[in-house]
Amino acid sequence: AILDALAEALRATDADAAAVFAEFTEAGLGATPARVLWRNLMGTGLSHFRGFVAESFRDEGRLESRGEDILRILAVRGVAVPDEARQRITDCKDLAVLDVWFERAVTAPTADAVFDGS
């Protein structure tokens, strides 16, 4: 409950100060279940935060979304996606690479063609 209250208080605080407090809070929670809860709380309504934590959430969202888009395009087109290819797409952490794969997915005859451009 305290993390909920803190997250709510930060949403009502100056964005620069809130970003600093959010980052300190996350760092202080270490590798605990509370840190996961904190990241989930801060993942909602972070558009006004400009700190590292907020930006990392936005980056994670872009990566996840782009990977889902690639898989969806292939599914709609009826292109089979083996587990290994699906894992490669969902594990990719390079947005520029995902953007290339996204464009290839529009016309690729196979999932492998998404990766090699054939």
# chains A, B, ... in the order shown; residues from 1 in each chain; ligands from 1
>>> residues_around(residues="range 70-83 of chain A", least_positions_apart="4", cutoff="12 Å", atoms="only C-alpha atoms", output="JSON, numbers by chain")
{"A": [63, 64, 65, 66, 87, 88, 89, 90, 91, 92, 97, 98, 99, 100, 101, 102, 103, 104, 105, 106, 107, 108, 109, 110, 111, 112, 113, 114, 115]}
